[in-house]
>>> print(open('my_file_2.txt').read())   # compact mmCIF, C-alpha atoms
# COMPACT_ATOMS: atom_id res chain seq x y z
CA ARG A 1 -118.88 -57.07 -95.13
CA ARG A 2 -117.57 -59.49 -92.55
CA ALA A 3 -120.98 -61.13 -92.17
CA ARG A 4 -121.17 -61.70 -95.93
CA ALA A 5 -117.67 -63.17 -96.02
CA ARG A 6 -118.28 -65.83 -93.40
CA PRO A 7 -120.13 -68.36 -95.61
CA ALA A 8 -117.37 -68.18 -98.20
CA VAL A 9 -114.72 -68.67 -95.52
CA ALA A 10 -116.63 -71.61 -94.07
CA GLU A 11 -117.04 -73.11 -97.53
CA ARG A 12 -113.32 -72.78 -98.25
CA ALA A 13 -112.51 -74.36 -94.87
CA ALA A 14 -114.84 -77.28 -95.58
CA THR A 15 -113.30 -77.74 -99.02
CA SER A 16 -109.81 -77.63 -97.52
CA ASP A 17 -110.77 -80.25 -94.91
CA SER A 18 -112.30 -82.44 -97.61
CA LYS A 19 -109.14 -82.23 -99.74
CA GLU A 20 -106.98 -83.00 -96.72
CA LEU A 21 -108.96 -86.17 -96.02
CA THR A 22 -108.40 -87.50 -99.55
CA LYS A 23 -104.76 -88.21 -98.68
CA PHE A 24 -106.01 -91.03 -96.42
CA MET A 25 -107.87 -92.75 -99.27
CA ILE A 26 -106.72 -96.00 -100.90
CA PRO A 27 -104.91 -95.03 -104.14
CA GLU A 28 -106.25 -96.40 -107.41
CA LYS A 29 -102.70 -97.25 -108.44
CA ARG A 30 -99.59 -97.90 -106.39
CA PHE A 31 -96.09 -96.91 -107.47
CA PRO A 32 -94.05 -99.52 -109.41
CA GLY A 33 -92.63 -102.10 -107.04
CA ALA A 34 -95.09 -101.23 -104.27
CA GLY A 35 -96.18 -104.85 -104.04
CA VAL A 36 -92.65 -106.07 -103.38
CA VAL A 37 -92.11 -103.38 -100.77
CA GLY A 38 -95.48 -104.27 -99.25
CA VAL A 39 -94.47 -107.91 -98.89
CA VAL A 40 -91.16 -107.00 -97.23
CA ARG A 41 -92.86 -104.59 -94.82
CA ALA A 42 -95.60 -107.12 -93.98
CA LEU A 43 -93.06 -109.85 -93.27
CA SER A 44 -91.04 -107.41 -91.17
CA LEU A 45 -94.15 -106.51 -89.20
CA PHE A 46 -94.91 -110.19 -88.57
CA VAL A 47 -91.35 -110.93 -87.44
CA LEU A 48 -91.43 -107.94 -85.08
CA LEU A 49 -94.87 -109.01 -83.83
CA MET A 50 -93.48 -112.44 -82.91
CA GLY A 51 -90.30 -110.97 -81.43
CA LEU A 52 -92.20 -108.56 -79.21
CA GLY A 53 -94.56 -111.38 -78.32
CA CYS A 54 -91.60 -113.25 -76.84
CA ILE A 55 -91.14 -110.28 -74.51
CA PHE A 56 -94.68 -109.19 -73.68
CA CYS A 57 -96.32 -112.61 -73.32
CA PRO A 58 -93.97 -113.61 -70.46
CA LEU A 59 -94.62 -110.23 -68.84
CA ILE A 60 -98.36 -110.85 -69.08
CA LEU A 61 -97.93 -114.38 -67.72
CA VAL A 62 -95.90 -113.18 -64.74
CA SER A 63 -98.43 -110.45 -63.97
CA MET A 64 -101.52 -112.69 -64.11
CA PRO A 65 -101.55 -113.79 -60.42
CA PHE A 66 -101.45 -110.14 -59.37
CA VAL A 67 -104.05 -109.16 -61.98
CA ILE A 68 -106.46 -111.96 -61.06
CA LYS A 69 -106.20 -111.04 -57.38
CA ARG A 70 -106.43 -107.25 -57.68
CA ASP A 71 -108.35 -106.60 -60.91
CA PRO A 72 -110.05 -109.80 -62.14
CA GLN A 73 -112.79 -108.06 -64.14
CA ARG A 74 -111.11 -105.22 -66.04
CA ARG A 75 -107.49 -106.50 -66.09
CA THR A 76 -106.22 -103.02 -66.93
CA PHE A 77 -102.55 -103.89 -66.45
CA VAL A 78 -102.74 -106.53 -69.18
CA ASP A 79 -104.45 -103.93 -71.39
CA PHE A 80 -101.59 -101.53 -70.64
CA LEU A 81 -99.00 -104.11 -71.71
CA MET A 82 -100.90 -104.81 -74.92
CA ARG A 83 -101.03 -101.09 -75.73
CA GLN A 84 -97.26 -100.81 -75.32
CA TRP A 85 -96.83 -103.89 -77.50
CA ALA A 86 -98.96 -102.33 -80.26
CA LYS A 87 -97.14 -98.99 -80.08
CA LEU A 88 -93.69 -100.58 -80.34
CA LEU A 89 -94.90 -102.86 -83.15
CA ILE A 90 -96.07 -100.18 -85.54
CA PHE A 91 -93.56 -97.47 -84.60
CA PRO A 92 -91.13 -98.39 -87.44
CA PHE A 93 -93.91 -98.52 -90.04
CA PHE A 94 -96.42 -95.69 -89.54
CA SER A 95 -97.63 -93.07 -87.08
CA VAL A 96 -100.99 -92.72 -85.33
CA LYS A 97 -102.44 -89.33 -84.45
CA ILE A 98 -105.53 -88.96 -82.27
CA GLU A 99 -107.91 -86.01 -82.36
CA GLY A 100 -110.62 -85.34 -79.79
CA LEU A 101 -108.98 -86.82 -76.70
CA GLU A 102 -111.13 -84.47 -74.65
CA ASN A 103 -114.13 -86.58 -75.69
CA LEU A 104 -112.82 -89.69 -73.92
CA PRO A 105 -114.73 -90.74 -70.80
CA PRO A 106 -112.91 -90.45 -67.47
CA PRO A 107 -110.67 -93.43 -66.63
CA GLY A 108 -112.75 -96.17 -65.10
CA GLU A 109 -116.01 -95.08 -66.74
CA ALA A 110 -117.34 -97.65 -69.20
CA CYS A 111 -118.51 -96.83 -72.70
CA ILE A 112 -118.79 -98.54 -76.10
CA TYR A 113 -116.35 -97.39 -78.76
CA VAL A 114 -117.81 -97.77 -82.25
CA ALA A 115 -115.63 -97.32 -85.36
CA ASN A 116 -115.46 -97.90 -89.11
CA HIS A 117 -113.40 -100.86 -90.30
CA GLN A 118 -111.02 -100.92 -93.28
CA SER A 119 -108.03 -102.96 -92.22
CA PHE A 120 -106.35 -105.24 -89.69
CA MET A 121 -104.34 -102.12 -88.84
CA ASP A 122 -107.50 -100.68 -87.24
CA ILE A 123 -106.94 -102.95 -84.25
CA LEU A 124 -103.32 -101.95 -83.74
CA SER A 125 -104.19 -98.28 -84.23
CA ALA A 126 -107.10 -98.38 -81.78
CA LEU A 127 -104.72 -99.69 -79.11
CA HIS A 128 -103.14 -96.23 -79.08
CA LEU A 129 -106.13 -94.91 -77.15
CA PRO A 130 -105.09 -94.07 -73.58
CA ARG A 131 -107.97 -96.10 -72.14
CA SER A 132 -108.59 -99.72 -71.26
CA PHE A 133 -111.20 -101.59 -73.32
CA LYS A 134 -112.03 -105.03 -74.72
CA PHE A 135 -112.54 -105.84 -78.38
CA ILE A 136 -115.53 -107.90 -79.42
CA SER A 137 -113.68 -109.78 -82.14
CA LYS A 138 -114.27 -112.73 -84.43
CA ASP A 139 -112.80 -115.95 -83.07
CA SER A 140 -110.19 -116.26 -85.85
CA ILE A 141 -108.25 -113.32 -84.37
CA PHE A 142 -107.75 -115.37 -81.20
CA LYS A 143 -105.88 -117.99 -83.26
CA ILE A 144 -103.02 -115.62 -84.18
CA PRO A 145 -99.84 -116.74 -82.35
CA PHE A 146 -99.09 -114.72 -79.20
CA VAL A 147 -101.84 -112.20 -80.02
CA GLY A 148 -104.70 -114.61 -79.39
CA TRP A 149 -103.11 -115.86 -76.17
CA ALA A 150 -102.66 -112.31 -74.89
CA MET A 151 -106.22 -111.35 -75.83
CA LYS A 152 -107.55 -114.29 -73.85
CA ARG A 153 -105.48 -113.27 -70.80
CA ALA A 154 -106.85 -109.72 -71.13
CA ASP A 155 -110.36 -111.20 -71.43
CA HIS A 156 -111.30 -109.76 -74.80
CA VAL A 157 -114.55 -111.18 -76.17
CA SER A 158 -114.50 -113.87 -78.86
CA LEU A 159 -117.46 -114.10 -81.24
CA LYS A 160 -118.40 -116.87 -83.66
CA ARG A 161 -120.36 -114.82 -86.15
CA ASP A 162 -122.42 -117.69 -87.62
CA ASP A 163 -123.19 -119.26 -84.27
CA ARG A 164 -126.43 -118.02 -82.69
CA LYS A 165 -125.51 -119.46 -79.29
CA SER A 166 -122.18 -117.61 -79.36
CA GLN A 167 -123.96 -114.36 -80.24
CA VAL A 168 -126.29 -114.68 -77.27
CA GLU A 169 -123.42 -115.52 -74.90
CA VAL A 170 -121.38 -112.57 -76.16
CA PHE A 171 -124.33 -110.22 -75.69
CA ARG A 172 -124.80 -111.31 -72.08
CA LYS A 173 -121.09 -111.28 -71.29
CA SER A 174 -120.69 -107.82 -72.83
CA ILE A 175 -123.52 -106.33 -70.78
CA LYS A 176 -121.96 -107.77 -67.63
CA LYS A 177 -118.59 -106.25 -68.56
CA LEU A 178 -120.12 -102.83 -69.14
CA GLN A 179 -121.96 -102.97 -65.83
CA ASP A 180 -118.66 -103.88 -64.13
CA GLY A 181 -117.00 -100.77 -65.59
CA THR A 182 -115.21 -102.34 -68.59
CA SER A 183 -115.40 -100.52 -71.92
CA LEU A 184 -115.93 -102.39 -75.19
CA PHE A 185 -114.78 -101.76 -78.77
CA ILE A 186 -116.91 -102.82 -81.73
CA PHE A 187 -116.72 -102.58 -85.53
CA PRO A 188 -120.46 -102.64 -86.39
CA GLU A 189 -119.91 -103.04 -90.13
CA GLY A 190 -119.10 -106.64 -89.25
CA THR A 191 -116.26 -106.90 -91.76
CA ARG A 192 -113.55 -104.78 -93.38
CA SER A 193 -114.53 -102.52 -96.25
CA GLN A 194 -112.82 -103.64 -99.46
CA ASP A 195 -112.61 -100.15 -100.97
CA GLY A 196 -112.81 -97.87 -97.95
CA VAL A 197 -116.47 -96.98 -98.49
CA MET A 198 -118.37 -97.31 -95.24
CA LEU A 199 -120.68 -100.33 -95.13
CA ASP A 200 -124.08 -100.81 -93.58
CA PHE A 201 -124.08 -101.70 -89.88
CA LYS A 202 -124.62 -105.46 -89.62
CA ALA A 203 -123.59 -105.88 -85.98
CA LYS A 204 -126.17 -103.70 -84.22
CA GLY A 205 -125.85 -105.46 -80.88
CA ALA A 206 -123.62 -102.67 -79.58
CA PHE A 207 -126.61 -100.36 -79.37
CA GLY A 208 -128.69 -102.89 -77.46
CA MET A 209 -125.77 -103.47 -75.11
CA ALA A 210 -125.42 -99.75 -74.41
CA ARG A 211 -129.13 -99.46 -73.73
CA ARG A 212 -129.26 -102.48 -71.41
CA ALA A 213 -126.09 -101.51 -69.53
CA LYS A 214 -126.99 -97.79 -69.51
CA THR A 215 -123.63 -96.68 -70.92
CA ALA A 216 -122.53 -94.07 -73.43
CA ILE A 217 -121.49 -94.69 -77.04
CA LEU A 218 -118.40 -92.96 -78.42
CA PRO A 219 -118.31 -92.85 -82.25
CA MET A 220 -114.83 -92.94 -83.76
CA THR A 221 -113.51 -92.43 -87.29
CA ILE A 222 -110.31 -94.24 -88.31
CA LEU A 223 -108.50 -92.87 -91.37
CA GLY A 224 -105.58 -94.24 -93.38
CA THR A 225 -105.51 -97.89 -92.33
CA GLY A 226 -106.95 -99.12 -95.62
CA ARG A 227 -104.25 -97.21 -97.48
CA LEU A 228 -101.62 -99.04 -95.42
CA MET A 229 -103.14 -102.54 -95.58
CA SER A 230 -106.33 -103.06 -97.54
CA ALA A 231 -108.87 -105.81 -96.92
CA LYS A 232 -107.93 -107.34 -100.29
CA ASP A 233 -104.48 -108.43 -99.15
CA PHE A 234 -102.15 -108.43 -96.16
CA LEU A 235 -99.39 -106.34 -97.72
CA LEU A 236 -98.16 -103.37 -95.70
CA TYR A 237 -97.74 -100.43 -98.06
CA PHE A 238 -96.30 -97.03 -97.35
CA GLY A 239 -99.17 -94.98 -95.99
CA GLY A 240 -98.08 -91.39 -96.51
CA PRO A 241 -99.78 -89.49 -93.67
CA GLY A 242 -100.15 -92.59 -91.51
CA VAL A 243 -103.30 -93.08 -89.44
CA ARG A 244 -105.61 -90.50 -87.95
CA ILE A 245 -108.23 -91.34 -85.31
CA ILE A 246 -111.03 -88.87 -84.71
CA LEU A 247 -112.88 -89.24 -81.41
CA HIS A 248 -116.29 -87.66 -81.77
CA LYS A 249 -118.45 -86.39 -78.93
CA ALA A 250 -119.93 -89.28 -77.00
CA ILE A 251 -123.65 -90.00 -77.03
CA SER A 252 -124.49 -90.02 -73.33
CA ALA A 253 -126.20 -92.90 -71.57
CA GLU A 254 -129.28 -90.70 -71.15
CA GLU A 255 -129.38 -89.95 -74.89
CA VAL A 256 -128.94 -93.64 -75.69
CA GLN A 257 -131.91 -94.49 -73.47
CA ALA A 258 -134.11 -91.82 -75.01
CA ALA A 259 -133.29 -92.42 -78.69
CA ASP A 260 -135.22 -94.67 -81.04
CA ASP A 261 -133.17 -97.72 -82.09
CA ASP A 262 -133.06 -96.91 -85.80
CA LYS A 263 -132.34 -93.25 -85.18
CA LEU A 264 -129.54 -94.11 -82.75
CA VAL A 265 -127.89 -96.40 -85.31
CA GLU A 266 -128.26 -93.70 -87.98
CA GLN A 267 -126.86 -91.01 -85.68
CA VAL A 268 -123.75 -93.05 -84.84
CA ARG A 269 -123.18 -94.05 -88.45
CA ASP A 270 -123.59 -90.49 -89.73
CA THR A 271 -121.20 -89.20 -87.06
CA ILE A 272 -118.50 -91.71 -88.03
CA ALA A 273 -119.06 -91.09 -91.75
CA ALA A 274 -118.70 -87.33 -91.27
CA GLY A 275 -115.03 -87.83 -90.47
CA LEU A 276 -114.37 -89.81 -93.66
CA PRO A 277 -113.48 -88.48 -97.13
CA GLU A 278 -116.65 -87.66 -99.06
CA GLY A 279 -116.17 -90.62 -101.39
CA TYR A 280 -116.25 -93.02 -98.43
CA GLN A 281 -119.45 -91.69 -96.84
CA SER A 282 -121.85 -93.96 -98.70
CA LYS A 283 -125.29 -94.29 -97.14
CA PRO A 284 -126.48 -97.75 -96.07
CA ALA A 285 -129.02 -99.57 -98.19
CA ALA A 286 -132.62 -98.75 -97.33
>>> encode(input="my_file_2.txt", output="structure tokens")
Amino acid sequence: RRARARPAVAERAATSDSKELTKFMIPEKRFPGAGVVGVVRALSLFVLLMGLGCIFCPLILVSMPFVIKRDPQRRTFVDFLMRQWAKLLIFPFFSVKIEGLENLPPPGEACIYVANHQSFMDILSALHLPRSFKFISKDSIFKIPFVGWAMKRADHVSLKRDDRKSQVEVFRKSIKKLQDGTSLFIFPEGTRSQDGVMLDFKAKGAFGMARRAKTAILPMTILGTGRLMSAKDFLLYFGGPGVRIILHKAISAEEVQAADDDKLVEQVRDTIAAGLPEGYQSKPAA
């Protein structure tokens, strides 16, 4: 009897998990007045961002001589300050919960974090990971007051997406960083999803970087950020359950080397999609 009951139990568990994930989806309709509240919350976030910037940027500036002398490549202390900045910034607005911390590489071991992308809040949420890493980010992010300055001091990687020369330079710089023990963070969809549905992977350089640098790839699913701030606007809505980050089992450097390029991309994408609500797991175009 027990053996017969197991499939039904597993099916109910899967259904329960699927229903639980729907609470992270972008609602079709917001409550009356949500737009006004979203504007107030977004402005409050910006003001707090600037206020904290007045504190953390001087701290980063003061620390730079020590950082350049002791840790010029990874600059982990600057990363630490930026993580504290991000945590204090979003604390009044939403929570971030992380699952699968046991899948993180040991401190000091480089890997490439690969995640889905729904919102600007993905960046602030990812900074809750208890590891040092560098974003490969479009150059416009580096123009944000205080944020861009701090990212340059931490040596995050700026990419001009329509500039072939910039792409080549970023690829070379990223491989060097990985070989020096610095982890990278990439959103391979290349842009934020407008409706939460996972897009095709446009930025596939991450997989070539991992292969060339002989590092692991850690797939990551980010839930709830699009509900808080969608790609269609910069309003900060109430997000209900907040943000959940699921760290999946890493694909080892040996597995990366052995896998076919297309199959590796498909494996990473399928792994990330598995953590999303069913309605967001759209397959890429053939």
>>> closest_residue(input="my_file_2.txt", among="A:Met82, A:Gly239, A:Phe185, A:Met64", to="A:Gly148", atoms="all atoms listed in the file")
A:Met82
>>> closest_residue(input="my_file_2.txt", among="A:Ala259, A:Ile136, A:Met151, A:Ala216", to="A:Ser174", atoms="all atoms listed in the file")
A:Ile136
>>> residues_around(input="my_file_2.txt", residues="A:Glu99", least_positions_apart="6", cutoff="10 Å", atoms="all atoms listed in the file", output="short mmCIF file (atom, residue, chain, number, x, y, z; two decimals) with C-alpha atoms, keeping the file's coordinate frame")
data_model
loop_
_atom_site.label_atom_id
_atom_site.label_comp_id
_atom_site.auth_asym_id
_atom_site.auth_seq_id
_atom_site.Cartn_x
_atom_site.Cartn_y
_atom_site.Cartn_z
CA MET A 220 -114.83 -92.94 -83.76
CA THR A 221 -113.51 -92.43 -87.29
CA ARG A 244 -105.61 -90.50 -87.95
CA ILE A 245 -108.23 -91.34 -85.31
CA ILE A 246 -111.03 -88.87 -84.71
CA LEU A 247 -112.88 -89.24 -81.41
CA HIS A 248 -116.29 -87.66 -81.77
#
>>> residues_around(input="my_file_2.txt", residues="stretch 48-62 of chain A", least_positions_apart="2", cutoff="8 Å", atoms="all atoms listed in the file", output="list in words")
Ser44, Leu45, Phe46, Met64, Pro65, Val78, Leu81, Met82, Trp85, Leu89, Pro145, Phe146, Val147, Ala150 and Arg153 of chain A
>>> closest_residue(input="my_file_2.txt", among="A:Ala210, A:Ile26, A:Ile251, A:Ala110", to="A:Ala231", atoms="only C-alpha atoms")
A:Ile26
>>> atom_distance(input="my_file_2.txt", atom1="atom CA of A:Ala258", atom2="atom CA of A:Asn116")
24.2 Å
>>> axis_aligned_box(input="my_file_2.txt", around="stretch 116-124 of chain A", padding_each_side="4 Å", output="lines of an AutoDock Vina configuration file")
center_x = -109.4
center_y = -101.6
center_z = -88.5
size_x = 20.1
size_y = 15.3
size_z = 17.5
>>> closest_residue(input="my_file_2.txt", among="A:Gly33, A:Gly275, A:Pro241, A:Gly224", to="A:Phe120", atoms="all atoms listed in the file")
A:Gly224
>>> closest_residue(input="my_file_2.txt", among="A:Asn103, A:Gln194, A:Gln167, A:Ser282", to="A:Leu129", atoms="all atoms listed in the file")
A:Asn103
>>> closest_residue(input="my_file_2.txt", among="A:Lys152, A:Arg74, A:Lys202, A:His128", to="A:Ala86", atoms="only C-alpha atoms")
A:His128
>>> atom_distance(input="my_file_2.txt", atom1="atom CA of A:Ile98", atom2="atom CA of A:Leu223")
10.3 Å
>>> residues_around(input="my_file_2.txt", residues="A:Leu127", least_positions_apart="6", cutoff="10 Å", atoms="all atoms listed in the file", output="MDAnalysis selection string")
chainID A and resid 79:80 82:87 133 135
>>> residues_around(input="my_file_2.txt", residues="A:Gln73", least_positions_apart="2", cutoff="8 Å", atoms="all atoms listed in the file", output="list in words")
Asp71, Arg75, Lys177, Asp180 and Thr182 of chain A
>>> atom_distance(input="my_file_2.txt", atom1="atom CA of A:Gln179", atom2="atom CA of A:Asp200")
27.9 Å
>>> residues_around(input="my_file_2.txt", residues="A:Glu169", least_positions_apart="4", cutoff="12 Å", atoms="all atoms listed in the file", output="tab-separated table (two decimals) with C-alpha atoms, in the frame of the given file")
chain	number	residue	atom	x	y	z
A	136	ILE	CA	-115.53	-107.90	-79.42
A	157	VAL	CA	-114.55	-111.18	-76.17
A	158	SER	CA	-114.50	-113.87	-78.86
A	159	LEU	CA	-117.46	-114.10	-81.24
A	160	LYS	CA	-118.40	-116.87	-83.66
A	161	ARG	CA	-120.36	-114.82	-86.15
A	163	ASP	CA	-123.19	-119.26	-84.27
A	164	ARG	CA	-126.43	-118.02	-82.69
A	165	LYS	CA	-125.51	-119.46	-79.29
A	173	LYS	CA	-121.09	-111.28	-71.29
A	174	SER	CA	-120.69	-107.82	-72.83
A	175	ILE	CA	-123.52	-106.33	-70.78
A	176	LYS	CA	-121.96	-107.77	-67.63
A	205	GLY	CA	-125.85	-105.46	-80.88
